[in-house]
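These notes concern the structure reproduced below.
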Amino acid sequence: MFSNGTEYHVFMERYCFRCSKYKSDKEGIPSNNSCSIEKEIATAMFEPDTFPYNNLYYKDGQGYTCNKFKDKTEQRQYKKRNVKQVEGQIKLL
């Protein structure tokens, strides 16, 4: 379990907020369809036995790491633009 609130917030910034599974409303509040690991972490604050040790592992000096993290910036697919060739454009160079 996290030793303090700062460690928890660092984990959330590093993994949850950047994960493709994380969904929130306009105000940044996690939705009901968000990742189950985040819900288990929140529940573990009141019931320590529910902490998701099977999905998180601890590295000395680095804190907890999430096994199910999928970076949403890496999965983003960009649509290729159709470049329109203007007549006589090559002659400019």
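By convention in this document, the chains of the structure tokens carry letters A, B, ... by their order, each chain's residues are numbered from 1, and ligands are numbered from 1 in the order they are shown.
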Could you give me, as CSV, every segment 44-84 of chain A residue with an atom at most 7 Å from segment 8-26 of chain A, plus its closest atom pair and distance in Å to one decimal, counting only C-alpha atoms, rows ordered by chain then number?
```
residue,atom,partner,partner_atom,distance
A:Tyr64,CA,A:Phe11,CA,6.9
A:Cys66,CA,A:Tyr15,CA,7.0
A:Phe69,CA,A:Cys19,CA,5.8
A:Lys70,CA,A:Cys19,CA,5.2
A:Asp71,CA,A:Cys19,CA,4.9
A:Lys72,CA,A:Ser20,CA,4.4
```
For the residues in that selection, give me C-alpha atoms as a CSV table (one decimal), in the first residue's frame.
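Saved file out19.csv follows:
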```csv
chain,number,residue,atom,x,y,z
A,64,TYR,CA,4.6,1.0,-7.5
A,66,CYS,CA,1.1,-1.0,-12.9
A,69,PHE,CA,-0.8,0.3,-18.0
A,70,LYS,CA,-1.3,1.2,-21.7
A,71,ASP,CA,0.0,4.6,-22.6
A,72,LYS,CA,-2.8,6.4,-24.5
```
Please identify all polymer residues within 6 Å of Phe51 of chain A, counting only C-alpha atoms, omitting same-chain residues fewer than 5 positions from it, and present them as a ChimeraX atom specification. /A:40-41,44
Could those selected residues go to a file with N, CA and C atoms, as a compact mmCIF listing (two decimals), in the first residue's frame?
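part-v3.txt, freshly written:
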```txt
# COMPACT_ATOMS: atom_id res chain seq x y z
N GLU A 40 -9.92 -0.29 -6.80
CA GLU A 40 -9.39 -1.13 -5.73
C GLU A 40 -8.42 -0.35 -4.84
N ILE A 41 -7.65 0.53 -5.43
CA ILE A 41 -6.74 1.37 -4.65
C ILE A 41 -7.52 2.30 -3.74
N ALA A 44 -8.95 0.36 -0.91
CA ALA A 44 -7.91 -0.10 0.02
C ALA A 44 -7.57 0.93 1.09
```
When you count only C-alpha atoms, which of these residues is closest to Thr50 of chain A: A:Asn82, A:Lys68, A:Asn4, A:Glu38? A:Glu38
What's the separation between atom CA of Asn55 of chain A and atom CA of Thr6 of chain A, in Å to one decimal place?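 Rounded to one decimal, the two atoms are 20.2 Å apart.
In terms of minimum interatomic distance to Tyr53 of chain A, A:Met1 ranks closest within A:Val86, A:Ser36, A:Glu7, A:Met1, counting only C-alpha atoms.
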In Å to one decimal, how far is atom CA of Tyr58 of chain A from atom CA of Ser34 of chain A?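 A separation of 22.6 Å between them.
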